[in-house]
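Data block below; observations after.
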Amino acid sequence: MSTRIATGGRLLNKSNAVSFSFNGKQLRGYEGDTLASALLANDQMLVGRSFKYHRPRGIVAAGPEEPNALMNLGRGGRFEPNQRATTTELFDGLDATSQNHWPSLEFDMGAINKHLSRFLPAGFYYKMFIHPRPFWKHVYEPIIRHSAGLGKAPKEQDADSYEHFHAFCDVLIIGGGVAGLEAARTAARAGAKVILLEQTAHWGGRAAVDGGAVEEASVTSHIDGLVSELSAMENVQMRTRVMGAGVYDHGYVLGYEHLTDHAPGAQGPRHRLWRIRAGHIITATGAIERPLSFAGNDIPGVMLAAAVRDYLVNFGVSVGDRTVVVTNNDDAYRTAIAVTEAGLNVPAILDARVLPEDSTLMARAKELGIRVLMGHAVSSVTGGKRVTAVNVCSQAGEGAVLETIDCDAVAMSGGWSPVVHLWSHCGGKLVWDARLATFRPDVNHPPIGADGHGFVTAAGAAAGFFSLDDILHDAHAAADGVVTTLGFKLPVDVVSPNAERQEETPLAPVWMMPHGANVKLREKTWLDYQNDVKVSDVRLAAQEGFVSVEHTKRYTTLGMATDQGKLSNINGLATLAGALDADIPTVGTTTFRPPYHPISMGAIGGEARGDVFQPLRRTPMHDWHAANGAEWEPVGHWRRPYSYNRPGETTHDAVMREVTNTRTNMGLLDASTLGKIIVKGPDAGKFLDMLYTNMMSSLKPGKCRYGLMCSENGFLIDDGVVARIDDDTFLCHTTTGGADRIHQHMEEWLQTEWWDWQVYVANVTEQYAQIAVVGPNARKCLEKLGGMDVSKDALGFMEWVDGELGGFKCRIYRISFSGELSYEIAVDAGVGQAFWDALMVAGNDLGVMPYGTECLHILRAEKGFIMIGDETDGTVIPQDLGLNWAISKKKEDYLGKRAQQRSHMVDPTRWKLVGLETTDGSTLPDGAYAVGEGVNENDQSNMIGRVTSTYHSPTLGKGIAMGLVLNGPDRMGEVLEFPGTDGKIYHAKIVDPVFYDKEGEKQNV
Amino acid sequence: MLILTCPNCGITAEETEFHAGGEAHLTRHGPGASDDDFEKYLFMRENPKGVHFERWRHVYGCGKWFHAARDTTTLEIFGTYTAQTSTVPQDIIDKITDRRPDWQPPETA
Amino acid sequence: MSEPISALQGATYTQGIAEITALDPIGMISLRGDLTASYLKKPVKKITGVAMPEVRGINLDAGKGVAWMSPDELLLIGPYADVATNLETLHKAIGSNHALAVNVSDARAVFRVSGVHTREVLAKLAPVDTSRDAFAPGTIRRTRLAQVPAAFWMIDDDTAELVCFRSVAQYVFDLLKTAAQPGSEVNYHRG
C-alpha cells in the first residue's frame, strides 16, 4: 500500500494539516501536498477509469504529464472537470471526485468493455457503426454520446473572475529549474529585462530530488542562492505558478497563472493569462520520463521511476512497501537507492541492458544490497486494481517467465524525452538523438521571428542535456548567446558554475518489453493510458496501411487525450516505426500545438464576461429611455429603443400607438446614433462626388441632399443626408451601423488612392445628441421652446440652419425619414438629455411621445423609403431599388460606376423593388420568397421575388411590405404567392412602394 | 500573432492594433476600363508563397494606412513603408534581396 | 442653456487596487492639418501655452495642452468653456489654408486612474508596455482598451488619464473597475 512515511517531504509544511474529500471520503494531507501526493498518502492509488475499457487507473506521474489522475474539482459555480491531481495543490476543504465511471470508481459497469477489448481494436467505431446508415443517428450516436467524454461539463455559471496581463521583456525564460535559473542569472547580469516563469509553486525543478553538488555546495543551496540573487535584481521578474502555455509568432507567449486555485476564498481573479512579447525565449522546460511498454503496465501501482522518487523526497510518500524497478537507463537507479535509503524494499532492479561494467549508480545500488538483474525485463505485471507481482523474463526473449516477484509497486523508466512542445509550437524542428533515443530541438531550425532569425533557444534538459554539469553549462551558454544577439554584453566575471560530474552509462532503447513479446502480451501493453491505446492497436493500424504518424494518431486516438501524449508520444511512434520497419526519424512526430497543458476557458476570455463581455454603446439619453419603458434593439454595439412600452402595454401595441401618435401629433426619436462625418477641404466636393452615386459638389451651402454610397463592386453600402456647411465643408450623415465603417472607407480612399486630394475628414458622430422632432405639431413644439425662426420660409424642406432653441445652441436639419413635418436637431451631447427634457415639456400639450426604431421603420416603409440592411444585403445595386434618380448621369466616375456597367448588373431580369400588399390585409412573413412557375435544376420551385421589409401599418390598417421581384415594376397589380414557414400561403399584390402621401405634401409644410 | 511597426507613428504593436487590408499596389480601373482590367483590379490577387506586399491600417492607433513587405511562410517582416506610393521603395527592395537573394521584384513594383 | 454633463457624471471607484474617476467635461479640439505650418503652430501655442509635442508626445500644463495623434492630427485639451473661443482663434489663424478644427469635447469621456498599480491596470486591458522605462509622462499611447479604441498618458508616475468615446464610457469604466478589482495586484511594475 502507499502511505506517508516519517522522513522526507521537503515541500510539506507538516505543522499545517489540511482536510479534503475524495468521492465523499474525508482525508487528510499537509500544506504543500499535491492532491496526488495526498491521495497516495491515504493509500488511494486507484483514481479513475480509462476512456474506452474503463480499466482501473492509478497515478503514474508526479507532474503535468499525468494521464490518469483526472478529477472533478469543486462544486456549483466552481465545479471543474478534468483537473490533474498531480498539478493540483492541496488546500483545506478541497473537494475532488473521480470521473469516467458508473456507478462507482471501485465497481464500474463500463469495465465490461475490457472483456470485449479483443472486439474493440483501433478503428472499431469507424468500422462497426457505418452500417446500417440510419442507425448512426438514432441508435449508435446517442449511446456512444452517453458513454463518451471524460468529466462532465459544469452546469452553473463560473463564479470566479479572470484577467489578462500584457508584459514585455528582452528574454523570457520558461521553466524555473536549475537551467532556467542559470539562464535567467546570465541574461539578467548582461542587463537584459528578464521574465522567468515556473509552472509549479517551487524553484529548482527536479534538481533537488535528483541531488548533486554545484561548486562544492549542495544543489539545493545553489538553487536558494540563485533565487535570492535573482529576486534582488530589478530587471528580473520571477513568477511561480505560471505555465508557459504556448509560443506563437514573433515572440508572443501565453503564460497561464494560477492565482487562487490553491487559496480558495482569496480576493481577486482565479487565473491570469500573461500575454508576453519577448525579444527571445529560452525554453528550459526540462524532460519527461517515458514509460516502458510491457504487459500490464497500466495496472495501478505501476509508476514512472522518477515520480516514485518525487513522492518520496518531495512529499514523504511511499508508493509501496516493495517496489520493483524496471529500466533501460541509469537514472532509475536513483529511485531504487532513494527507496532503499528510506527504509523500504526494492526486491530487484530489472535492467534491460547488458553492460560490461557497473556504472557509479549501479555500484551504489549494489552496495545497498539491491539485487540487480541485467538483461532482464517485465514479462507481465499481475494485479487488478493494484499491482500484486511482476513476472520476470529475459529482455531478449519472448516473455517466458523466469521468476515471479511479489510487489505492490513497479517503478519504470524508459529514458527521458526533452519537453520540446514550446520549441515546436511555432515551427521549431526536431532531430532524432540516437544516443538519448529521443527527439530534441534542432538548433539549426528554430522558430523564425519578425526579423527572420530564430527566437527560441532550448536550454538544459529541454535541449537534451541530462547531467547537472551539462545542464548548467548549456543554460549559461544559451543565455549568453541570446543576450549577445539582443545587443547586451555579459560581464566577464559572470561564468558558468561547475557541478560535480556523475558518469552515467548510456541507455539502451527499449520500445517493447520483452523484445519478442507475443500478441497476447502486446494486447495488454498500454501506450496511451487515458485513451486506451495499446501496442497491438498501433501495429494493427500499420498493418491496415496507415503509414503517416498523423493518420495513425487519429485512427488509434494515440496521444489525443487531454495529456496530448506527453507519455505516449515517443513510445507510440517507435512502435509504429517498428511495425513499419522504418527509422524513427523517418516516421517523425505528430504536431505539437498549444497549449502545453490545458488552460481554463475563463483565462482565455479574461475580463470579457458579464457587463464587459462586449462594449455596449449608449446615447446621451440612454438612461432616460431605460427609465421610460424602452424595449432595446441592438444595432451594432448600440442599444436603441425599439419601442417605449407603457405599463400593461404589449410591444406591438406600443409600436402601433407610437406610429399613430407621430402621424397625428408628434414624436421624438433619439437619432444620435446616426453617423455624422465632417468632410472639409478644397477637394471635398470632388471627393464626395466619387463617394456618392449622385452629385454632391453642386449642393448649395445651407442645403441638404440625400445620397447613396456604393462599394467598388457596385453594391449599396450606405445612404444618408449630406448637408453643405460652407464652400469647403460638408457634413455627411450615415446609417447607425455605418458611421465607423464609412469614416474608415473615406480615410482609406483618401490615404491610399487620392492622397494628393486636399480633404480632411472627422467623425463627429458622438459629439452630438441628435433628436428628430416629427409630426404635424413639430413646428409648434419648437416655436414653444422659442428662439430661432423655424417657419417654412426661414427653414424650408431639405435645408439646415444653426441657431438657438430654448437656450440650447443647435443645428436643425429639415429632413424627413417619416414623410411628416420633421426637424432633426443636433445639440452638444453633454446637453442632450436636458434638450430632450425641454422638448418633452414643450410638447406636453401637443401630444409628444418618444418613439422607437420599429415605429421609425413603419413610418419609412409607409413612405417607401429603403433601409440599408433591409432592402439591401450586399448584392443589391441602387438600380434594383428604383433609385436611378439618385445616380448622376453627368459624372464620369464614382465608386461602383464601372461595376454597375457589367453585363449582369444591367440585366433586365434583376429583381426590382416594389410594394406588396396582402389580399387579406394580413402581414407578410419577413424574408418570404415568392414562388414562380416550374422548377430549377435541383427540382426546387423557381423563386421570383422576396420580401425585404414587412409591417402592419396602423395608418393604413393593413399589412404593407416591400420586396424585390422579377420584372416587378412591370407587373403592378399581379398577385404573387409567398409560402410562409408556418405552412400558410400568403397572397400579395404588387403595388407602388409608396403607400402614404405620394405627393409628399405632409413633409413639405 | 504578428508585430508590426507603423511607419506613420513609429509604434511597434501587436497585430490586434492593426487591420489587414489585402494586397498592396493595385491600380484602380474605373469607367472605361475593359472587363479584363476591371476584373483584375477588383478580384484577382496574388497569393505568393514567400515575399508579399500588403496594406495595413493602424486602426487602434494613429489610424493611418501603411504598406508591409512580408514573407507569407516564415512571417518575416522585411519592412513597412508609406501607403502613399504605388511602387515598392528601393530600400525595401534592398532589404528583401539582402534576405532573399534569389527573389525577383514583381514587374508592377 | 443647461450645464453640459459628462457621460458618467463624476463616477468613482475607490475599493480596488487603483482609483478610477470619471472626469467632468474637458474641452477637446481635434485639429488636422500640416503640423509644421505656422498657421497651426502659432494658434496652438497661443491656446495651450505649451510647446508643440514630438511624435506621440503630449504636453500638458495646468489642464491645458496638446497631444500628437497622428502625422496630421493634434488633440487640443483645455477648459470646456474655452472651446468656442479657441475654435474661433484657430479658424482665424487658419484662414483659407487647408486644415480642419472640430470640437470633440462631448464625443469623449475622460478617466483618471491613480495609485501605485495604475500601470498594471492599464496593462491588463491594453496590449501596451506600460512599464516606467517604456511609458513615461509626456507620451500618449493610442491603442485599444479591451474591445474599444482609447488613448492614455501618464500625468505622473502613478497617475494616468485615459480618453475614449462617450458612448462606451460605461463599458470603459466597468473594464477599469474589473481590472482594478481588489486582490488583483500583479506587482509587476514595481518602482
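By order in the C-alpha cells, chains are A, B, ...; within a chain, residues start at 1; ligands start at 1, following the order shown.
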
Can you pull out every residue within 12 Å of Ala603 in chain A, counting only C-alpha atoms, but drop anything in the same chain fewer than 3 positions away, and send it as a PDB file with N, CA and C atoms, in the first residue's frame?
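And here's out-v8.pdb as it stands now:
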```pdb
ATOM      1  N   ASP A 158     -19.658  30.199 -14.107  1.00  0.00           N
ATOM      2  CA  ASP A 158     -18.401  30.249 -13.366  1.00  0.00           C
ATOM      3  C   ASP A 158     -18.439  31.392 -12.354  1.00  0.00           C
ATOM      4  N   ASP A 160     -15.959  32.540 -10.637  1.00  0.00           N
ATOM      5  CA  ASP A 160     -14.688  33.253 -10.498  1.00  0.00           C
ATOM      6  C   ASP A 160     -14.511  34.308 -11.574  1.00  0.00           C
ATOM      7  N   SER A 161     -13.486  35.127 -11.394  1.00  0.00           N
ATOM      8  CA  SER A 161     -13.150  36.096 -12.434  1.00  0.00           C
ATOM      9  C   SER A 161     -11.737  35.813 -12.941  1.00  0.00           C
ATOM     10  N   TYR A 162     -11.425  36.368 -14.085  1.00  0.00           N
ATOM     11  CA  TYR A 162     -10.181  36.072 -14.791  1.00  0.00           C
ATOM     12  C   TYR A 162      -9.656  37.356 -15.399  1.00  0.00           C
ATOM     13  N   GLU A 163      -8.386  37.366 -15.734  1.00  0.00           N
ATOM     14  CA  GLU A 163      -7.883  38.568 -16.395  1.00  0.00           C
ATOM     15  C   GLU A 163      -6.678  38.259 -17.267  1.00  0.00           C
ATOM     16  N   HIS A 164      -6.373  39.206 -18.121  1.00  0.00           N
ATOM     17  CA  HIS A 164      -5.177  39.134 -18.956  1.00  0.00           C
ATOM     18  C   HIS A 164      -4.152  40.123 -18.407  1.00  0.00           C
ATOM     19  N   PHE A 165      -2.912  39.942 -18.808  1.00  0.00           N
ATOM     20  CA  PHE A 165      -1.891  40.932 -18.469  1.00  0.00           C
ATOM     21  C   PHE A 165      -0.845  40.934 -19.579  1.00  0.00           C
ATOM     22  N   ALA A 245       2.272  28.404 -21.689  1.00  0.00           N
ATOM     23  CA  ALA A 245       1.240  27.575 -22.327  1.00  0.00           C
ATOM     24  C   ALA A 245       1.462  27.422 -23.820  1.00  0.00           C
ATOM     25  N   LEU A 254       1.966  32.855 -24.355  1.00  0.00           N
ATOM     26  CA  LEU A 254       0.904  32.890 -23.357  1.00  0.00           C
ATOM     27  C   LEU A 254       1.382  32.177 -22.098  1.00  0.00           C
ATOM     28  N   GLY A 255       1.271  32.857 -20.971  1.00  0.00           N
ATOM     29  CA  GLY A 255       1.572  32.260 -19.676  1.00  0.00           C
ATOM     30  C   GLY A 255       0.279  32.127 -18.894  1.00  0.00           C
ATOM     31  N   TYR A 256       0.139  31.014 -18.224  1.00  0.00           N
ATOM     32  CA  TYR A 256      -1.125  30.701 -17.526  1.00  0.00           C
ATOM     33  C   TYR A 256      -0.850  30.676 -16.036  1.00  0.00           C
ATOM     34  N   GLU A 257      -1.353  31.681 -15.338  1.00  0.00           N
ATOM     35  CA  GLU A 257      -1.047  31.816 -13.916  1.00  0.00           C
ATOM     36  C   GLU A 257      -2.210  31.371 -13.031  1.00  0.00           C
ATOM     37  N   HIS A 258      -1.892  30.522 -12.085  1.00  0.00           N
ATOM     38  CA  HIS A 258      -2.868  30.135 -11.058  1.00  0.00           C
ATOM     39  C   HIS A 258      -2.744  31.102  -9.900  1.00  0.00           C
ATOM     40  N   LEU A 259      -3.813  31.853  -9.639  1.00  0.00           N
ATOM     41  CA  LEU A 259      -3.742  32.839  -8.556  1.00  0.00           C
ATOM     42  C   LEU A 259      -4.406  32.347  -7.278  1.00  0.00           C
ATOM     43  N   PRO A 269      -8.808  37.708  -9.125  1.00  0.00           N
ATOM     44  CA  PRO A 269      -9.098  36.743 -10.177  1.00  0.00           C
ATOM     45  C   PRO A 269      -8.518  35.370  -9.871  1.00  0.00           C
ATOM     46  N   ARG A 270      -9.089  34.365 -10.486  1.00  0.00           N
ATOM     47  CA  ARG A 270      -8.626  32.993 -10.258  1.00  0.00           C
ATOM     48  C   ARG A 270      -7.404  32.688 -11.113  1.00  0.00           C
ATOM     49  N   HIS A 271      -7.495  33.031 -12.391  1.00  0.00           N
ATOM     50  CA  HIS A 271      -6.367  32.800 -13.301  1.00  0.00           C
ATOM     51  C   HIS A 271      -6.028  34.091 -14.020  1.00  0.00           C
ATOM     52  N   ARG A 272      -4.772  34.223 -14.369  1.00  0.00           N
ATOM     53  CA  ARG A 272      -4.349  35.372 -15.167  1.00  0.00           C
ATOM     54  C   ARG A 272      -3.623  34.828 -16.387  1.00  0.00           C
ATOM     55  N   LEU A 273      -4.040  35.306 -17.538  1.00  0.00           N
ATOM     56  CA  LEU A 273      -3.361  34.905 -18.767  1.00  0.00           C
ATOM     57  C   LEU A 273      -2.333  35.970 -19.117  1.00  0.00           C
ATOM     58  N   TRP A 274      -1.079  35.608 -19.049  1.00  0.00           N
ATOM     59  CA  TRP A 274       0.002  36.537 -19.390  1.00  0.00           C
ATOM     60  C   TRP A 274       0.189  36.529 -20.894  1.00  0.00           C
ATOM     61  N   ARG A 275       0.101  37.702 -21.469  1.00  0.00           N
ATOM     62  CA  ARG A 275       0.320  37.836 -22.915  1.00  0.00           C
ATOM     63  C   ARG A 275       1.662  38.537 -23.061  1.00  0.00           C
ATOM     64  N   PRO A 598      -3.716  21.835 -20.646  1.00  0.00           N
ATOM     65  CA  PRO A 598      -4.983  22.582 -20.773  1.00  0.00           C
ATOM     66  C   PRO A 598      -5.049  23.832 -19.884  1.00  0.00           C
ATOM     67  N   ILE A 599      -5.607  24.893 -20.422  1.00  0.00           N
ATOM     68  CA  ILE A 599      -5.808  26.110 -19.637  1.00  0.00           C
ATOM     69  C   ILE A 599      -7.303  26.394 -19.597  1.00  0.00           C
ATOM     70  N   SER A 600      -7.723  27.164 -18.622  1.00  0.00           N
ATOM     71  CA  SER A 600      -9.161  27.357 -18.417  1.00  0.00           C
ATOM     72  C   SER A 600      -9.756  28.259 -19.504  1.00  0.00           C
ATOM     73  N   GLY A 606     -10.642  36.046 -20.259  1.00  0.00           N
ATOM     74  CA  GLY A 606     -10.162  37.187 -19.484  1.00  0.00           C
ATOM     75  C   GLY A 606     -11.305  37.986 -18.888  1.00  0.00           C
ATOM     76  N   GLU A 607     -11.205  39.302 -18.999  1.00  0.00           N
ATOM     77  CA  GLU A 607     -12.202  40.171 -18.371  1.00  0.00           C
ATOM     78  C   GLU A 607     -13.526  40.160 -19.127  1.00  0.00           C
ATOM     79  N   ALA A 608     -13.531  39.623 -20.351  1.00  0.00           N
ATOM     80  CA  ALA A 608     -14.702  39.776 -21.229  1.00  0.00           C
ATOM     81  C   ALA A 608     -15.859  38.864 -20.850  1.00  0.00           C
ATOM     82  N   ARG A 609     -16.512  39.171 -19.780  1.00  0.00           N
ATOM     83  CA  ARG A 609     -17.717  38.430 -19.397  1.00  0.00           C
ATOM     84  C   ARG A 609     -18.623  39.362 -18.601  1.00  0.00           C
TER      85      ARG A 609
END
```

Please identify all residues of chain A having at least one atom at most 7 Å from any atom of chain B, considering only C-alpha atoms, and return them as an mmCIF file with C-alpha atoms, in the first residue's frame.
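Full text of iface29.cif as output:
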```
data_model
loop_
_atom_site.group_PDB
_atom_site.id
_atom_site.type_symbol
_atom_site.label_atom_id
_atom_site.label_comp_id
_atom_site.auth_asym_id
_atom_site.auth_seq_id
_atom_site.Cartn_x
_atom_site.Cartn_y
_atom_site.Cartn_z
ATOM 1 C CA TYR A 248 3.352 31.958 -31.065
ATOM 2 C CA ASP A 249 4.582 34.126 -33.940
ATOM 3 C CA HIS A 250 7.054 36.907 -33.374
ATOM 4 C CA TYR A 252 4.426 36.016 -28.430
ATOM 5 C CA ILE A 448 11.515 32.208 -37.108
ATOM 6 C CA GLY A 449 10.692 35.644 -35.757
ATOM 7 C CA ALA A 450 9.809 39.012 -37.281
ATOM 8 C CA ASP A 451 13.446 39.664 -38.191
ATOM 9 C CA GLY A 452 13.824 36.323 -39.934
ATOM 10 C CA GLN A 751 -4.897 57.789 -47.733
ATOM 11 C CA THR A 752 -4.353 55.030 -50.243
ATOM 12 C CA TRP A 755 -3.592 61.056 -51.236
ATOM 13 C CA ASP A 893 -16.819 58.285 -62.358
ATOM 14 C CA LYS A 897 -19.955 53.044 -61.512
ATOM 15 C CA ARG A 898 -17.755 50.707 -63.544
#
```

Discussion item. Taking only C-alpha atoms into account, find every residue of chain C that has an atom no more than 7 Å from chain A, and write it out as a PyMOL selection string.
Written reply: chain C and resi 1-7+32+98+100+104-107+123-124+127-129+147+166-168+171+174-175+178+181-184

Take the residues from that selection and write them out as a CSV table (one decimal), in the first residue's frame, keeping C-alpha atoms.
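Written out: out05.csv:
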```
chain,number,residue,atom,x,y,z
C,1,MET,CA,-28.7,76.7,-21.7
C,2,SER,CA,-28.1,73.8,-19.3
C,3,GLU,CA,-24.7,72.9,-18.0
C,4,PRO,CA,-23.1,70.1,-20.0
C,5,ILE,CA,-22.6,66.8,-18.2
C,6,SER,CA,-20.1,64.1,-18.9
C,7,ALA,CA,-21.4,60.6,-19.7
C,32,ARG,CA,-6.0,68.2,-38.7
C,98,HIS,CA,-6.4,73.7,-45.7
C,100,LEU,CA,-9.8,71.1,-40.0
C,104,VAL,CA,-15.0,66.8,-30.0
C,105,SER,CA,-15.3,67.6,-26.3
C,106,ASP,CA,-18.8,66.0,-26.0
C,107,ALA,CA,-17.8,63.0,-28.0
C,123,ALA,CA,-1.6,46.6,-19.0
C,124,LYS,CA,-4.4,44.2,-18.2
C,127,PRO,CA,-1.5,45.4,-25.5
C,128,VAL,CA,1.0,48.0,-24.4
C,129,ASP,CA,4.2,48.1,-22.5
C,147,GLN,CA,-12.5,45.9,-27.4
C,166,ARG,CA,-18.5,58.9,-24.9
C,167,SER,CA,-20.9,56.1,-25.9
C,168,VAL,CA,-18.6,53.4,-24.4
C,171,TYR,CA,-18.0,49.9,-20.7
C,174,ASP,CA,-16.6,48.8,-15.9
C,175,LEU,CA,-13.5,47.5,-17.6
C,178,THR,CA,-12.7,44.9,-13.3
C,181,GLN,CA,-10.7,44.6,-8.6
C,182,PRO,CA,-9.4,44.0,-5.0
C,183,GLY,CA,-6.8,41.3,-4.8
C,184,SER,CA,-5.7,41.6,-8.4
```

Item to complete: Please measure the separation of CA of Leu430 in chain A and CA of Ser467 in chain A, giving the value in Å to one decimal.
Response: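 Distance reported for this atom pair: 20.7 Å.
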
Distance table requested - chain B against chain C, cut-off 6 Å, only C-alpha atoms: one row per qualifying residue with the closest atom pair and its distance in Å to one decimal, ordered by chain and rising residue number, as CSV.
```
residue,atom,partner,partner_atom,distance
B:Tyr60,CA,C:Thr143,CA,4.9
B:Gly61,CA,C:Arg142,CA,4.7
B:Cys62,CA,C:Ser70,CA,4.9
```

Worksheet item: Any idea what the distance is between CA of Ala899 in chain A and CA of Leu688 in chain A?
Response: 18.2 Å

Worksheet item: Quick one, how far is CA of Gly572 in chain A from CA of Ile282 in chain A?
Response: 28.0 Å

Worksheet entry | Nearby residues (only C-alpha atoms) at most 6 Å from Ile77 in chain C, same-chain spacing under 4 positions excluded, as a ChimeraX atom specification | /C:27-28,64-66

Discussion item. As an NGL selection string, please: the residues near range 549-563 of chain A (cut-off 9 Å, only C-alpha atoms, same-chain neighbours under 6 positions excluded).
Written reply: :A and (51 or 64-68 or 82 or 121-123 or 126 or 527-534 or 537-538 or 541-542 or 569 or 572-573 or 576 or 587-591 or 596-598)

Write to file, as a compact mmCIF listing (two decimals), in the first residue's frame, the residues of the selection just made, with N, CA and C atoms.
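Okay, this is what ended up in selection-v2.txt:
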```txt
# COMPACT_ATOMS: atom_id res chain seq x y z
N PHE A 51 -10.70 5.58 -20.68
CA PHE A 51 -11.72 6.14 -21.53
C PHE A 51 -12.54 5.07 -22.24
N PRO A 64 2.65 17.44 -14.86
CA PRO A 64 1.59 17.67 -15.85
C PRO A 64 1.46 16.56 -16.88
N GLU A 65 2.44 15.65 -16.93
CA GLU A 65 2.34 14.54 -17.89
C GLU A 65 1.38 13.46 -17.44
N GLU A 66 0.86 13.57 -16.21
CA GLU A 66 -0.02 12.55 -15.66
C GLU A 66 -1.22 12.29 -16.58
N PRO A 67 -1.40 11.02 -17.01
CA PRO A 67 -2.52 10.75 -17.92
C PRO A 67 -3.79 10.29 -17.20
N ASN A 68 -3.68 9.84 -15.97
CA ASN A 68 -4.81 9.14 -15.35
C ASN A 68 -5.57 9.93 -14.29
N ASN A 82 -11.82 17.34 -15.21
CA ASN A 82 -10.53 17.02 -15.86
C ASN A 82 -9.35 17.76 -15.28
N PRO A 121 -10.82 -3.12 -31.25
CA PRO A 121 -9.47 -2.64 -31.60
C PRO A 121 -9.56 -1.25 -32.22
N ALA A 122 -8.38 -0.74 -32.61
CA ALA A 122 -8.32 0.57 -33.24
C ALA A 122 -9.25 0.61 -34.44
N GLY A 123 -9.95 1.71 -34.59
CA GLY A 123 -10.81 1.90 -35.75
C GLY A 123 -12.13 1.16 -35.63
N TYR A 126 -15.18 3.24 -36.36
CA TYR A 126 -15.33 3.57 -37.77
C TYR A 126 -15.90 2.40 -38.55
N LEU A 527 0.12 2.01 -24.42
CA LEU A 527 0.93 3.17 -24.82
C LEU A 527 0.28 4.42 -24.26
N ASP A 528 -1.02 4.58 -24.54
CA ASP A 528 -1.75 5.76 -24.08
C ASP A 528 -2.74 5.30 -23.02
N TYR A 529 -2.48 5.69 -21.78
CA TYR A 529 -3.30 5.19 -20.67
C TYR A 529 -4.70 5.78 -20.67
N GLN A 530 -4.78 7.05 -21.04
CA GLN A 530 -6.07 7.72 -20.91
C GLN A 530 -7.01 7.27 -22.03
N ASN A 531 -6.47 7.14 -23.23
CA ASN A 531 -7.33 6.79 -24.37
C ASN A 531 -7.30 5.30 -24.69
N ASP A 532 -6.63 4.51 -23.83
CA ASP A 532 -6.62 3.07 -24.03
C ASP A 532 -6.08 2.67 -25.39
N VAL A 533 -4.90 3.14 -25.72
CA VAL A 533 -4.27 2.70 -26.96
C VAL A 533 -3.11 1.78 -26.59
N LYS A 534 -3.12 0.60 -27.20
CA LYS A 534 -2.12 -0.41 -26.85
C LYS A 534 -1.16 -0.61 -28.01
N ASP A 537 -2.76 -2.02 -30.97
CA ASP A 537 -3.57 -1.11 -31.80
C ASP A 537 -2.71 -0.40 -32.83
N VAL A 538 -1.54 0.07 -32.40
CA VAL A 538 -0.66 0.79 -33.33
C VAL A 538 -0.16 -0.18 -34.41
N ALA A 541 -2.89 -0.69 -36.88
CA ALA A 541 -3.01 0.45 -37.79
C ALA A 541 -1.98 0.35 -38.90
N ALA A 542 -0.74 -0.02 -38.52
CA ALA A 542 0.32 -0.16 -39.52
C ALA A 542 -0.04 -1.26 -40.52
N ASN A 569 3.83 9.60 -26.65
CA ASN A 569 4.25 10.02 -27.97
C ASN A 569 5.43 9.21 -28.54
N GLY A 572 4.87 5.47 -28.81
CA GLY A 572 3.91 5.18 -29.87
C GLY A 572 4.54 5.23 -31.23
N LEU A 573 5.32 6.29 -31.48
CA LEU A 573 5.87 6.37 -32.83
C LEU A 573 7.03 5.42 -33.02
N LEU A 576 5.22 2.36 -33.99
CA LEU A 576 4.80 2.46 -35.39
C LEU A 576 5.99 2.23 -36.32
N VAL A 587 9.69 8.31 -39.53
CA VAL A 587 8.27 8.33 -39.18
C VAL A 587 7.90 9.72 -38.65
N GLY A 588 8.81 10.31 -37.87
CA GLY A 588 8.58 11.68 -37.40
C GLY A 588 7.59 11.76 -36.27
N THR A 589 7.32 12.98 -35.85
CA THR A 589 6.40 13.18 -34.74
C THR A 589 5.10 13.79 -35.24
N THR A 590 4.09 13.72 -34.39
CA THR A 590 2.89 14.48 -34.69
C THR A 590 3.18 15.95 -34.34
N THR A 591 2.23 16.82 -34.67
CA THR A 591 2.46 18.25 -34.47
C THR A 591 2.17 18.65 -33.02
N TYR A 596 0.42 23.83 -23.96
CA TYR A 596 1.22 22.71 -23.48
C TYR A 596 0.39 21.80 -22.58
N HIS A 597 -0.44 22.42 -21.79
CA HIS A 597 -1.26 21.73 -20.80
C HIS A 597 -2.58 22.50 -20.80
N PRO A 598 -3.72 21.83 -20.65
CA PRO A 598 -4.98 22.58 -20.77
C PRO A 598 -5.05 23.83 -19.88
```

Worksheet item: Of the candidates A:Asn713, A:Thr388, A:Ser394, A:Ser19, which shows the shortest atom-to-atom distance to Leu373 in chain A, using only C-alpha atoms?
Response: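 Ranking A:Asn713, A:Thr388, A:Ser394, A:Ser19 by distance to Leu373 in chain A, first place goes to A:Ser394.
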